[in-house]
file data21.csv (CSV, C-alpha atoms and all ligand atoms)
chain,number,residue,atom,x,y,z
Z,19,MET,CA,119.6,67.6,119.9
Z,20,ASP,CA,116.8,65.1,120.2
Z,21,PHE,CA,113.9,66.8,118.4
Z,22,ALA,CA,111.3,64.3,119.4
Z,23,ILE,CA,108.0,65.4,121.0
Z,24,ASN,CA,107.9,64.4,124.7
Z,25,GLY,CA,106.4,65.4,128.0
Z,26,ARG,CA,108.4,68.7,128.2
Z,27,THR,CA,107.6,69.9,124.7
Z,28,GLN,CA,106.2,73.5,124.8
Z,29,LEU,CA,103.5,74.5,122.3
Z,30,ILE,CA,103.0,77.6,120.2
Z,31,GLY,CA,101.0,78.1,117.0
Z,32,VAL,CA,98.7,80.1,114.8
Z,33,ILE,CA,95.0,80.4,114.7
Z,34,GLY,CA,93.1,81.5,111.5
Z,35,TRP,CA,90.3,80.4,109.2
Z,36,PRO,CA,91.4,78.9,106.9
Z,37,ILE,CA,94.9,78.2,108.0
Z,38,GLU,CA,96.2,75.1,106.1
Z,39,HIS,CA,98.3,77.2,103.6
Z,40,SER,CA,100.1,79.2,106.4
Z,41,LEU,CA,103.9,79.3,106.0
Z,42,SER,CA,104.3,80.0,109.8
Z,43,PRO,CA,104.6,76.4,111.0
Z,44,ALA,CA,107.5,75.8,108.5
Z,45,MET,CA,109.2,79.1,109.5
Z,46,HIS,CA,108.8,78.7,113.3
Z,47,ASN,CA,109.7,75.0,113.5
Z,48,ALA,CA,112.9,75.6,111.5
Z,49,ALA,CA,113.8,78.4,113.9
Z,50,LEU,CA,112.9,76.3,117.0
Z,51,GLU,CA,115.1,73.5,115.8
Z,52,ALA,CA,118.0,75.8,115.0
Z,53,LEU,CA,117.7,77.4,118.5
Z,54,GLY,CA,117.6,73.9,120.1
Z,55,LEU,CA,114.3,74.5,121.8
Z,56,ASN,CA,112.0,71.6,122.6
Z,57,TRP,CA,109.0,73.6,121.3
Z,58,ARG,CA,106.6,73.0,118.4
Z,59,TYR,CA,104.5,75.4,116.4
Z,60,VAL,CA,101.1,74.1,115.0
Z,61,ALA,CA,98.5,75.6,112.7
Z,62,MET,CA,95.0,75.5,114.3
Z,63,PRO,CA,91.8,76.2,112.3
Z,64,VAL,CA,89.4,78.2,114.5
Z,65,ARG,CA,86.0,79.0,113.3
Z,66,PRO,CA,84.8,82.6,113.4
Z,67,GLY,CA,82.6,82.9,116.5
Z,68,GLU,CA,84.8,80.5,118.5
Z,69,VAL,CA,87.9,82.7,118.8
Z,70,VAL,CA,87.7,83.8,122.4
Z,71,THR,CA,86.8,80.2,123.6
Z,72,ALA,CA,89.8,78.9,121.5
Z,73,VAL,CA,92.3,81.4,122.9
Z,74,ARG,CA,91.2,80.9,126.5
Z,75,GLY,CA,91.5,77.1,125.9
Z,76,LEU,CA,95.1,77.5,124.5
Z,77,ALA,CA,96.1,79.6,127.6
Z,78,ALA,CA,94.6,77.0,129.9
Z,79,LEU,CA,96.4,74.2,128.0
Z,80,GLY,CA,99.7,75.8,128.8
Z,81,PHE,CA,100.6,77.1,125.3
Z,82,ARG,CA,103.3,79.8,125.5
Z,83,GLY,CA,101.5,81.9,122.9
Z,84,CYS,CA,100.1,82.0,119.4
Z,85,ASN,CA,99.9,84.0,116.3
Z,86,VAL,CA,96.6,85.3,115.1
Z,87,THR,CA,95.8,85.6,111.4
Z,88,VAL,CA,93.0,86.4,109.0
Z,89,PRO,CA,90.1,86.9,109.9
Z,90,HIS,CA,90.7,86.8,113.7
Z,91,LYS,CA,93.0,89.8,114.4
Z,92,PRO,CA,90.2,92.0,115.7
Z,93,ALA,CA,88.1,89.2,117.2
Z,94,VAL,CA,90.7,88.1,119.8
Z,95,ILE,CA,90.7,91.5,121.6
Z,96,PRO,CA,87.9,90.6,124.0
Z,97,ALA,CA,89.9,87.6,125.3
Z,98,LEU,CA,92.9,89.8,126.3
Z,99,ASP,CA,94.0,90.9,129.8
Z,100,VAL,CA,96.4,93.5,128.3
Z,101,ILE,CA,97.0,94.9,124.8
Z,102,SER,CA,100.0,96.8,123.4
Z,103,PRO,CA,99.5,100.4,122.3
Z,104,GLU,CA,100.0,99.7,118.6
Z,105,ALA,CA,97.6,96.7,118.7
Z,106,GLU,CA,95.1,98.8,120.5
Z,107,MET,CA,95.5,101.7,118.0
Z,108,LEU,CA,95.0,99.4,115.0
Z,109,GLY,CA,92.3,97.2,116.6
Z,110,ALA,CA,94.4,94.2,115.4
Z,111,VAL,CA,96.4,91.6,117.3
Z,112,ASN,CA,98.7,89.2,115.6
Z,113,THR,CA,100.6,87.7,118.6
Z,114,LEU,CA,99.3,86.5,121.9
Z,115,VAL,CA,101.6,85.8,124.9
Z,116,PHE,CA,100.2,83.5,127.6
Z,117,THR,CA,101.6,83.7,131.1
Z,118,ARG,CA,100.2,83.1,134.7
Z,119,ASP,CA,99.6,85.8,137.2
Z,120,GLY,CA,100.7,85.6,140.9
Z,121,ALA,CA,97.6,83.5,141.8
Z,122,GLY,CA,98.3,81.1,138.9
Z,123,ALA,CA,95.5,82.3,136.7
Z,124,PRO,CA,96.0,82.6,132.9
Z,125,HIS,CA,97.1,86.0,131.7
Z,126,ILE,CA,96.7,86.9,128.0
Z,127,ALA,CA,98.7,89.7,126.4
Z,128,GLY,CA,98.0,90.9,122.8
Z,129,HIS,CA,100.7,92.5,120.5
Z,130,ASN,CA,101.0,93.5,116.9
Z,131,THR,CA,104.4,92.5,115.4
Z,132,ASP,CA,103.3,93.3,111.8
Z,133,VAL,CA,104.0,97.0,112.3
Z,134,ALA,CA,107.6,96.5,113.5
Z,135,GLY,CA,108.0,93.7,111.0
Z,136,PHE,CA,107.2,96.0,108.1
Z,137,ILE,CA,109.3,99.0,109.3
Z,138,GLY,CA,112.2,96.7,110.3
Z,139,ASP,CA,112.1,95.1,106.9
Z,140,LEU,CA,112.2,98.4,105.1
Z,141,ARG,CA,115.2,99.4,107.2
Z,142,ALA,CA,116.9,96.1,106.7
Z,143,ASN,CA,116.5,96.7,103.0
Z,144,GLY,CA,118.3,100.0,103.3
Z,145,PHE,CA,115.2,102.3,103.2
Z,146,GLU,CA,115.0,104.8,106.0
Z,147,PRO,CA,111.4,106.1,106.1
Z,148,GLU,CA,112.0,109.3,108.1
Z,149,GLY,CA,111.3,112.4,106.0
Z,150,ARG,CA,110.3,110.4,102.9
Z,151,ARG,CA,107.2,110.6,100.7
Z,152,VAL,CA,105.2,107.3,100.5
Z,153,VAL,CA,102.3,106.1,98.4
Z,154,VAL,CA,100.2,103.3,100.0
Z,155,ILE,CA,97.9,101.3,97.8
Z,156,GLY,CA,94.9,99.8,99.7
Z,157,ALA,CA,93.0,100.6,102.9
Z,158,GLY,CA,92.4,97.2,104.5
Z,159,GLY,CA,93.9,95.8,107.7
Z,160,ALA,CA,97.4,95.4,106.2
Z,161,ALA,CA,97.3,99.1,105.0
Z,162,ARG,CA,96.4,100.2,108.5
Z,163,GLY,CA,99.5,98.6,110.0
Z,164,VAL,CA,101.7,100.0,107.2
Z,165,VAL,CA,100.4,103.6,107.5
Z,166,TYR,CA,100.6,103.5,111.3
Z,167,GLY,CA,104.2,102.3,111.1
Z,168,LEU,CA,105.2,104.9,108.6
Z,169,LEU,CA,103.6,107.7,110.6
Z,170,GLY,CA,105.5,106.5,113.7
Z,171,ALA,CA,108.8,106.3,111.7
Z,172,GLY,CA,108.4,110.0,110.8
Z,173,VAL,CA,107.6,110.0,107.1
Z,174,ALA,CA,106.9,113.4,105.6
Z,175,GLN,CA,103.9,112.5,103.5
Z,176,ILE,CA,101.6,109.5,102.9
Z,177,THR,CA,99.2,109.3,100.0
Z,178,VAL,CA,96.6,106.5,100.4
Z,179,LEU,CA,95.0,105.2,97.2
Z,180,ASN,CA,92.1,102.8,97.4
Z,181,ARG,CA,89.4,101.4,95.1
Z,182,THR,CA,86.8,102.3,97.7
Z,183,VAL,CA,87.8,105.8,98.6
Z,184,GLU,CA,85.6,106.0,101.7
Z,185,ARG,CA,87.6,103.2,103.3
Z,186,ALA,CA,90.8,105.2,102.7
Z,187,ARG,CA,89.2,108.3,104.2
Z,188,GLN,CA,88.3,106.2,107.3
Z,189,LEU,CA,91.8,104.8,107.6
Z,190,VAL,CA,93.4,108.2,107.4
Z,191,GLU,CA,90.9,109.7,109.8
Z,192,ASP,CA,91.3,107.0,112.4
Z,193,LEU,CA,95.1,106.8,112.3
Z,194,THR,CA,96.0,110.4,112.0
Z,195,GLN,CA,93.5,111.5,114.7
Z,196,LYS,CA,94.5,108.9,117.1
Z,197,ASP,CA,98.1,109.4,116.3
Z,198,ARG,CA,97.8,113.2,116.8
Z,199,LYS,CA,96.3,112.5,120.2
Z,200,GLN,CA,99.3,110.4,121.1
Z,201,GLU,CA,102.2,112.1,119.5
Z,202,ALA,CA,101.0,115.2,117.8
Z,203,ARG,CA,102.1,113.6,114.5
Z,204,GLY,CA,100.1,113.3,111.3
Z,205,LYS,CA,97.3,115.4,109.9
Z,206,ILE,CA,94.6,115.1,107.4
Z,207,GLU,CA,93.1,118.1,105.6
Z,208,GLU,CA,89.7,117.8,104.2
Z,209,ASP,CA,87.4,119.9,102.1
Z,210,ASP,CA,84.1,120.8,103.8
Z,211,ASN,CA,82.2,120.0,100.6
Z,212,GLU,CA,79.9,116.9,101.1
Z,213,ASP,CA,80.4,115.7,97.6
Z,214,PRO,CA,82.2,112.3,97.7
Z,215,ALA,CA,84.9,113.7,95.3
Z,216,SER,CA,85.8,116.2,98.0
Z,217,CYS,CA,88.0,113.6,99.6
Z,218,VAL,CA,90.3,113.8,96.6
Z,219,LEU,CA,92.7,116.3,98.0
Z,220,HIS,CA,95.3,118.2,96.1
Z,221,PRO,CA,98.7,117.3,97.4
Z,222,ALA,CA,100.1,120.8,97.2
Z,223,SER,CA,97.5,122.0,99.7
Z,224,CYS,CA,98.1,119.2,102.2
Z,225,ILE,CA,101.7,119.2,103.2
Z,226,VAL,CA,101.6,119.9,106.9
Z,227,PRO,CA,104.7,119.0,108.8
Z,228,PRO,CA,105.7,116.7,110.3
Z,229,ALA,CA,103.5,114.3,108.3
Z,230,SER,CA,100.5,114.8,106.0
Z,231,CYS,CA,98.0,112.2,104.7
Z,232,ILE,CA,96.4,112.6,101.3
Z,233,LEU,CA,93.8,110.2,99.8
Z,234,TYR,CA,92.6,109.5,96.3
Z,235,PRO,CA,90.5,106.8,94.7
Z,236,LEU,CA,92.8,104.3,93.1
Z,237,THR,CA,93.0,104.9,89.3
Z,238,ASP,CA,95.8,104.5,86.8
Z,239,GLU,CA,96.1,108.3,86.8
Z,240,THR,CA,96.2,108.9,90.5
Z,241,LEU,CA,98.7,106.1,91.0
Z,242,VAL,CA,101.1,107.2,88.3
Z,243,GLU,CA,100.8,110.9,89.3
Z,244,SER,CA,101.3,110.2,93.1
Z,245,ALA,CA,104.2,107.9,92.4
Z,246,ARG,CA,106.0,110.5,90.2
Z,247,THR,CA,107.0,112.5,93.3
Z,248,ALA,CA,107.3,109.7,95.9
Z,249,ASP,CA,110.2,107.8,97.3
Z,250,LEU,CA,108.4,104.6,98.3
Z,251,LEU,CA,105.3,102.8,96.8
Z,252,VAL,CA,103.7,100.1,99.0
Z,253,ASN,CA,101.1,97.6,97.7
Z,254,THR,CA,99.0,96.3,100.6
Z,255,THR,CA,96.2,94.9,98.4
Z,256,THR,CA,95.8,91.3,97.3
Z,257,VAL,CA,96.1,92.2,93.7
Z,258,GLY,CA,98.8,90.0,92.0
Z,259,MET,CA,98.5,87.2,94.7
Z,260,TRP,CA,98.4,83.6,93.7
Z,261,PRO,CA,96.3,82.3,91.9
Z,262,LYS,CA,95.5,85.6,90.1
Z,263,VAL,CA,99.2,86.3,89.4
Z,264,GLU,CA,98.5,88.4,86.3
Z,265,GLY,CA,96.8,91.0,88.5
Z,266,CYS,CA,98.8,94.3,88.8
Z,267,VAL,CA,97.9,97.7,90.2
Z,268,TRP,CA,100.4,99.5,88.0
Z,269,PRO,CA,99.1,100.3,84.5
Z,270,GLU,CA,100.7,98.3,81.7
Z,271,GLY,CA,103.0,100.5,79.5
Z,272,ALA,CA,103.7,103.2,82.1
Z,273,PRO,CA,107.3,103.2,83.3
Z,274,VAL,CA,107.8,102.9,87.1
Z,275,PRO,CA,110.0,105.9,88.2
Z,276,GLU,CA,113.6,104.6,88.6
Z,277,ILE,CA,114.1,106.5,91.9
Z,278,LEU,CA,111.1,104.7,93.5
Z,279,THR,CA,111.4,101.8,95.9
Z,280,VAL,CA,108.5,99.4,95.4
Z,281,TYR,CA,107.4,97.2,98.2
Z,282,ASP,CA,104.8,94.5,97.7
Z,283,LEU,CA,103.3,92.9,100.8
Z,284,VAL,CA,102.3,89.9,98.6
Z,285,TYR,CA,104.8,87.1,99.0
Z,286,ASN,CA,103.1,84.4,96.8
Z,287,PRO,CA,104.5,84.7,94.2
Z,288,LEU,CA,107.7,86.2,95.5
Z,289,GLU,CA,108.1,88.4,92.5
Z,290,THR,CA,104.6,89.8,91.7
Z,291,ARG,CA,103.9,91.3,88.4
Z,292,LEU,CA,104.2,94.8,90.1
Z,293,LEU,CA,107.7,93.9,91.3
Z,294,ARG,CA,108.6,92.6,87.9
Z,295,LEU,CA,107.5,95.8,86.2
Z,296,ALA,CA,109.3,97.9,88.8
Z,297,ARG,CA,112.5,95.8,88.4
Z,298,GLN,CA,112.4,96.1,84.6
Z,299,SER,CA,112.0,99.9,84.9
Z,300,GLY,CA,115.2,100.0,87.1
Z,301,ALA,CA,113.4,100.7,90.5
Z,302,ARG,CA,114.3,99.0,93.8
Z,303,THR,CA,112.0,96.2,94.8
Z,304,ILE,CA,111.2,94.5,98.1
Z,305,ASP,CA,109.0,91.4,98.3
Z,306,GLY,CA,106.6,90.6,101.2
Z,307,LEU,CA,108.4,87.7,102.6
Z,308,GLY,CA,110.9,89.7,104.7
Z,309,MET,CA,108.0,91.3,106.6
Z,310,LEU,CA,106.4,87.9,107.1
Z,311,ALA,CA,109.6,86.4,108.4
Z,312,ARG,CA,110.4,89.4,110.7
Z,313,GLN,CA,106.9,89.6,112.3
Z,314,GLY,CA,107.5,85.9,113.0
Z,315,ALA,CA,110.9,86.4,114.5
Z,316,LEU,CA,109.6,89.2,116.7
Z,317,ALA,CA,106.8,87.0,117.9
Z,318,LEU,CA,109.2,84.2,118.8
Z,319,ASP,CA,111.3,86.8,120.6
Z,320,LEU,CA,108.3,87.7,122.8
Z,321,TRP,CA,107.5,84.0,123.5
Z,322,THR,CA,111.0,82.8,124.3
Z,323,GLU,CA,112.1,85.9,126.3
Z,324,GLN,CA,115.6,85.0,125.2
Z,325,ALA,CA,116.7,88.2,123.5
Z,326,LEU,CA,116.9,86.4,120.2
Z,327,ASP,CA,119.2,87.5,117.4
Z,328,VAL,CA,116.1,88.8,115.4
Z,329,GLU,CA,118.2,89.4,112.2
Z,330,ALA,CA,119.5,85.8,112.2
Z,331,VAL,CA,116.1,84.3,113.0
Z,332,THR,CA,114.4,86.5,110.3
Z,333,ALA,CA,116.9,85.2,107.7
Z,334,LEU,CA,116.3,81.6,108.9
Z,335,MET,CA,112.5,82.0,108.7
Z,336,ARG,CA,112.7,83.6,105.3
Z,337,ARG,CA,114.7,80.6,104.0
Z,338,ALA,CA,112.3,78.2,105.5
Z,339,ALA,CA,109.3,80.0,104.0
Z,340,ILE,CA,110.9,80.0,100.6
Z,341,SER,CA,111.7,76.3,100.7
Z,342,ARG,CA,108.1,75.5,102.0
Z,343,GLN,CA,106.7,77.6,99.2
Z,344,LEU,CA,108.9,75.9,96.6
Z,345,SER,CA,107.9,72.4,97.9
Z,346,ALA,CA,104.2,73.4,97.7
Z,347,VAL,CA,104.7,74.4,94.1
Z,348,GLY,CA,106.4,71.0,93.5
Z,349,GLN,CA,103.5,69.2,95.1
Z,350,LYS,CA,101.1,71.0,92.8
Z,351,ALA,CA,103.2,70.1,89.8
Z,352,ASP,CA,103.5,66.5,91.0
Z,353,GLY,CA,99.8,66.3,91.8
L,1,LIG,P1,94.0,92.9,104.3
L,1,LIG,O1,93.6,92.7,105.8
L,1,LIG,O2,94.9,91.9,103.8
L,1,LIG,O3,94.4,94.3,104.0
L,1,LIG,P2,91.3,93.6,103.4
L,1,LIG,O4,91.0,94.3,104.6
L,1,LIG,O5,90.3,92.7,102.8
L,1,LIG,O6,92.6,92.7,103.5
L,1,LIG,O7,91.7,94.7,102.3
L,1,LIG,C1,92.0,94.3,101.0
L,1,LIG,C2,92.5,95.6,100.2
L,1,LIG,O8,92.8,95.2,98.9
L,1,LIG,C3,91.5,96.7,100.2
L,1,LIG,O9,92.2,97.9,100.1
L,1,LIG,C4,90.8,96.4,98.8
L,1,LIG,O10,90.2,97.5,98.3
L,1,LIG,P3,88.6,97.9,98.7
L,1,LIG,O11,88.7,98.6,100.0
L,1,LIG,O12,88.1,98.8,97.6
L,1,LIG,O13,87.9,96.6,98.7
L,1,LIG,C5,92.0,96.0,98.0
L,1,LIG,N1,91.6,95.2,96.8
L,1,LIG,C6,91.2,93.9,96.8
L,1,LIG,N2,91.0,93.5,95.5
L,1,LIG,C7,91.3,94.6,94.7
L,1,LIG,C8,91.2,94.9,93.3
L,1,LIG,N3,90.9,93.9,92.4
L,1,LIG,N4,91.6,96.1,92.9
L,1,LIG,C9,91.9,97.1,93.7
L,1,LIG,N5,92.0,96.9,95.1
L,1,LIG,C10,91.7,95.7,95.6
call {"tool": "encode", "arguments": {"input": "data21.csv", "output": "structure tokens", "more": "lines below"}}
Ligand code: ATR
result
Amino acid sequence: MDFAINGRTQLIGVIGWPIEHSLSPAMHNAALEALGLNWRYVAMPVRPGEVVTAVRGLAALGFRGCNVTVPHKPAVIPALDVISPEAEMLGAVNTLVFTRDGAGAPHIAGHNTDVAGFIGDLRANGFEPEGRRVVVIGAGGAARGVVYGLLGAGVAQITVLNRTVERARQLVEDLTQKDRKQEARGKIEEDDNEDPASCVLHPASCIVPPASCILYPLTDETLVESARTADLLVNTTTVGMWPKVEGCVWPEGAPVPEILTVYDLVYNPLETRLLRLARQSGARTIDGLGMLARQGALALDLWTEQALDVEAVTALMRRAAISRQLSAVGQKADG
């Protein structure tokens, strides 16, 4: 087909700050071309403080929708007319859908496809979370989506490890309490002791079906000990991400249990030091690019309303992201 921009070209894109290194334009434009859609996906830098104005402007300009990335995922919420339950629960929106209401006024819906992107990618890699024991490293925005998704998928136990243990406590409290309200699923047990160390809970005392959440400060010892009895380890921190590729949450010299599946949300580099250590120990590894591609495919599905083949679009987006990343490495080497 003619892929030239013309008067009928539909626009979608991503807002963030900064945004120039985003892989989303390469992923989405490859998918749009393959689907034969006269649409384009653009990266738009939006300064903090101007998010609501920018989003309303995009809706008024006739954009079909946009992705929202760091640091704007919570900041777009005041611009919304409607928000999906998972986005509301997490206080984070990564996909906006713009339509018009009956009177022709712009209507803005907020979704979170990160959660389904993560759980869908786990399943696509042959890991069914239901009934499993999971260790999540980190307690930031990414960890919230991961823990929420795992609770919804019916895991038996989640251990959250974070450098700042208070943040882990807040995450577990927020998600399990809200989750319990909605689905009577998830529980945190706490010591009444006011000592900060009291949030270090003993796993044996905390297994409360159908899911229990345990939290520890992140140390070599708590990580290795928690992983010893887990099925899945998920790194949601930025440790190991380019350019600090030598960073690794797992202690040097300790073997990664062979029965563990290790999932790193970092996708640059594709094989982080954590994943390399896990692979060398014989554990299963999953890189972060599958989740990135799948959240993108799910967003495109919302915008196009075409009942896309999400598996095929995810695979296509993953390939496009890898070739974009490789060409970026080439440019750095050339430059
Ligand atoms: P995101 O939205 O990507 O999750 P974030 O909210 O800034 O980003 O969270 C980053 C996570 O990585 C946090 O869990 C952070 O730990 P703290 O809460 O203690 O800050 C974790 N993190 C970042 N750098 C780290 C490091 N060098 N060692 C351990 N954890 C680190």
call {"tool": "closest_residue", "arguments": {"input": "data21.csv", "among": "Z:Glu184, Z:Glu148, Z:Glu276, Z:Asp132", "to": "ligand LIG 1 (chain L)", "atoms": "only C-alpha atoms and all ligand atoms"}}
result
Z:Glu184
call {"tool": "residues_near_ligand", "arguments": {"input": "data21.csv", "ligand": "ligand LIG 1 (chain L)", "cutoff": "9 Å", "atoms": "all atoms listed in the file", "output": "PyMOL selection string"}}
result
chain Z and resi 88-89+155-163+179-186+235-236+253-258+265-267+283
call {"tool": "residues_around", "arguments": {"input": "data21.csv", "residues": "region 105-107 of chain Z", "least_positions_apart": "4", "cutoff": "9 Å", "atoms": "only C-alpha atoms", "output": "VMD selection string"}}
result
chain Z and resid 95 101 111 to 112 128 to 131 166 192 to 193 196 to 197
call {"tool": "closest_residue", "arguments": {"input": "data21.csv", "among": "Z:Ala49, Z:Ala44, Z:Val115, Z:Leu169", "to": "Ser345 (chain Z)", "atoms": "only C-alpha atoms"}}
result
Z:Ala44
call {"tool": "atom_distance", "arguments": {"input": "data21.csv", "atom1": "CA of Leu168 (chain Z)", "atom2": "CA of Ala142 (chain Z)"}}
result
14.8 Å
call {"tool": "residues_around", "arguments": {"input": "data21.csv", "residues": "Ser244 (chain Z)", "least_positions_apart": "2", "cutoff": "9 Å", "atoms": "all atoms listed in the file", "output": "MDAnalysis selection string"}}
result
chainID Z and resid 152:153 177 221 239:242 246:248
call {"tool": "write_last_selection", "arguments": {"input": "data21.csv", "atoms": "C-alpha atoms", "output": "PDB file, keeping the file's coordinate frame"}}
result
ATOM      1  CA  VAL Z 152     105.200 107.300 100.500  1.00  0.00           C
ATOM      2  CA  VAL Z 153     102.300 106.100  98.400  1.00  0.00           C
ATOM      3  CA  THR Z 177      99.200 109.300 100.000  1.00  0.00           C
ATOM      4  CA  PRO Z 221      98.700 117.300  97.400  1.00  0.00           C
ATOM      5  CA  GLU Z 239      96.100 108.300  86.800  1.00  0.00           C
ATOM      6  CA  THR Z 240      96.200 108.900  90.500  1.00  0.00           C
ATOM      7  CA  LEU Z 241      98.700 106.100  91.000  1.00  0.00           C
ATOM      8  CA  VAL Z 242     101.100 107.200  88.300  1.00  0.00           C
ATOM      9  CA  ARG Z 246     106.000 110.500  90.200  1.00  0.00           C
ATOM     10  CA  THR Z 247     107.000 112.500  93.300  1.00  0.00           C
ATOM     11  CA  ALA Z 248     107.300 109.700  95.900  1.00  0.00           C
TER      12      ALA Z 248
END
call {"tool": "atom_distance", "arguments": {"input": "data21.csv", "atom1": "CA of Asp282 (chain Z)", "atom2": "CA of Val252 (chain Z)"}}
result
5.9 Å
call {"tool": "atom_distance", "arguments": {"input": "data21.csv", "atom1": "CA of Gly314 (chain Z)", "atom2": "CA of Val328 (chain Z)"}}
result
9.4 Å
call {"tool": "residues_around", "arguments": {"input": "data21.csv", "residues": "Pro36 (chain Z)", "least_positions_apart": "2", "cutoff": "7 Å", "atoms": "only C-alpha atoms", "output": "ChimeraX atom specification"}}
result
/Z:34,38,63
call {"tool": "write_last_selection", "arguments": {"input": "data21.csv", "atoms": "C-alpha atoms", "output": "CSV table (one decimal), keeping the file's coordinate frame"}}
result
chain,number,residue,atom,x,y,z
Z,34,GLY,CA,93.1,81.5,111.5
Z,38,GLU,CA,96.2,75.1,106.1
Z,63,PRO,CA,91.8,76.2,112.3
call {"tool": "closest_residue", "arguments": {"input": "data21.csv", "among": "Z:Val165, Z:Val331, Z:Gly25, Z:Asn286", "to": "Ala317 (chain Z)", "atoms": "only C-alpha atoms"}}
result
Z:Val331
call {"tool": "closest_residue", "arguments": {"input": "data21.csv", "among": "Z:Asp305, Z:Glu323, Z:Glu191, Z:Asp99", "to": "Ser230 (chain Z)", "atoms": "all atoms listed in the file"}}
result
Z:Glu191
call {"tool": "residues_near_point", "arguments": {"input": "data21.csv", "point": "(107.7, 91.2, 91.6)", "cutoff": "12 Å", "atoms": "all atoms listed in the file", "output": "PyMOL selection string"}}
result
chain Z and resi 253+257-259+263-268+280-299+301-307
call {"tool": "write_last_selection", "arguments": {"input": "data21.csv", "atoms": "C-alpha atoms", "output": "PDB file, in the frame of the given file"}}
result
ATOM      1  CA  ASN Z 253     101.100  97.600  97.700  1.00  0.00           C
ATOM      2  CA  VAL Z 257      96.100  92.200  93.700  1.00  0.00           C
ATOM      3  CA  GLY Z 258      98.800  90.000  92.000  1.00  0.00           C
ATOM      4  CA  MET Z 259      98.500  87.200  94.700  1.00  0.00           C
ATOM      5  CA  VAL Z 263      99.200  86.300  89.400  1.00  0.00           C
ATOM      6  CA  GLU Z 264      98.500  88.400  86.300  1.00  0.00           C
ATOM      7  CA  GLY Z 265      96.800  91.000  88.500  1.00  0.00           C
ATOM      8  CA  CYS Z 266      98.800  94.300  88.800  1.00  0.00           C
ATOM      9  CA  VAL Z 267      97.900  97.700  90.200  1.00  0.00           C
ATOM     10  CA  TRP Z 268     100.400  99.500  88.000  1.00  0.00           C
ATOM     11  CA  VAL Z 280     108.500  99.400  95.400  1.00  0.00           C
ATOM     12  CA  TYR Z 281     107.400  97.200  98.200  1.00  0.00           C
ATOM     13  CA  ASP Z 282     104.800  94.500  97.700  1.00  0.00           C
ATOM     14  CA  LEU Z 283     103.300  92.900 100.800  1.00  0.00           C
ATOM     15  CA  VAL Z 284     102.300  89.900  98.600  1.00  0.00           C
ATOM     16  CA  TYR Z 285     104.800  87.100  99.000  1.00  0.00           C
ATOM     17  CA  ASN Z 286     103.100  84.400  96.800  1.00  0.00           C
ATOM     18  CA  PRO Z 287     104.500  84.700  94.200  1.00  0.00           C
ATOM     19  CA  LEU Z 288     107.700  86.200  95.500  1.00  0.00           C
ATOM     20  CA  GLU Z 289     108.100  88.400  92.500  1.00  0.00           C
ATOM     21  CA  THR Z 290     104.600  89.800  91.700  1.00  0.00           C
ATOM     22  CA  ARG Z 291     103.900  91.300  88.400  1.00  0.00           C
ATOM     23  CA  LEU Z 292     104.200  94.800  90.100  1.00  0.00           C
ATOM     24  CA  LEU Z 293     107.700  93.900  91.300  1.00  0.00           C
ATOM     25  CA  ARG Z 294     108.600  92.600  87.900  1.00  0.00           C
ATOM     26  CA  LEU Z 295     107.500  95.800  86.200  1.00  0.00           C
ATOM     27  CA  ALA Z 296     109.300  97.900  88.800  1.00  0.00           C
ATOM     28  CA  ARG Z 297     112.500  95.800  88.400  1.00  0.00           C
ATOM     29  CA  GLN Z 298     112.400  96.100  84.600  1.00  0.00           C
ATOM     30  CA  SER Z 299     112.000  99.900  84.900  1.00  0.00           C
ATOM     31  CA  ALA Z 301     113.400 100.700  90.500  1.00  0.00           C
ATOM     32  CA  ARG Z 302     114.300  99.000  93.800  1.00  0.00           C
ATOM     33  CA  THR Z 303     112.000  96.200  94.800  1.00  0.00           C
ATOM     34  CA  ILE Z 304     111.200  94.500  98.100  1.00  0.00           C
ATOM     35  CA  ASP Z 305     109.000  91.400  98.300  1.00  0.00           C
ATOM     36  CA  GLY Z 306     106.600  90.600 101.200  1.00  0.00           C
ATOM     37  CA  LEU Z 307     108.400  87.700 102.600  1.00  0.00           C
TER      38      LEU Z 307
END
call {"tool": "residues_around", "arguments": {"input": "data21.csv", "residues": "Thr322 (chain Z)", "least_positions_apart": "2", "cutoff": "12 Å", "atoms": "all atoms listed in the file", "output": "list in words"}}
result
Gln28, Leu29, Ile30, His46, Ala49, Leu50, Leu53, Gly54, Leu55, Asn56, Trp57, Phe81, Arg82, Gly83, Cys84, Val115, Phe116, Thr117, Ala315, Leu316, Ala317, Leu318, Asp319, Leu320, Gln324, Ala325, Leu326, Asp327 and Val328 of chain Z
call {"tool": "closest_residue", "arguments": {"input": "data21.csv", "among": "Z:Ala97, Z:Leu334, Z:Ala346, Z:Leu108", "to": "Glu51 (chain Z)", "atoms": "only C-alpha atoms"}}
result
Z:Leu334
call {"tool": "closest_residue", "arguments": {"input": "data21.csv", "among": "Z:Val100, Z:Asn85, Z:Val94, Z:Thr332", "to": "Ile126 (chain Z)", "atoms": "only C-alpha atoms"}}
result
Z:Val100
call {"tool": "residues_around", "arguments": {"input": "data21.csv", "residues": "Ala174 (chain Z)", "least_positions_apart": "6", "cutoff": "6 Å", "atoms": "all atoms listed in the file", "output": "number ranges by chain"}}
result
Z: 149-151, 228-229
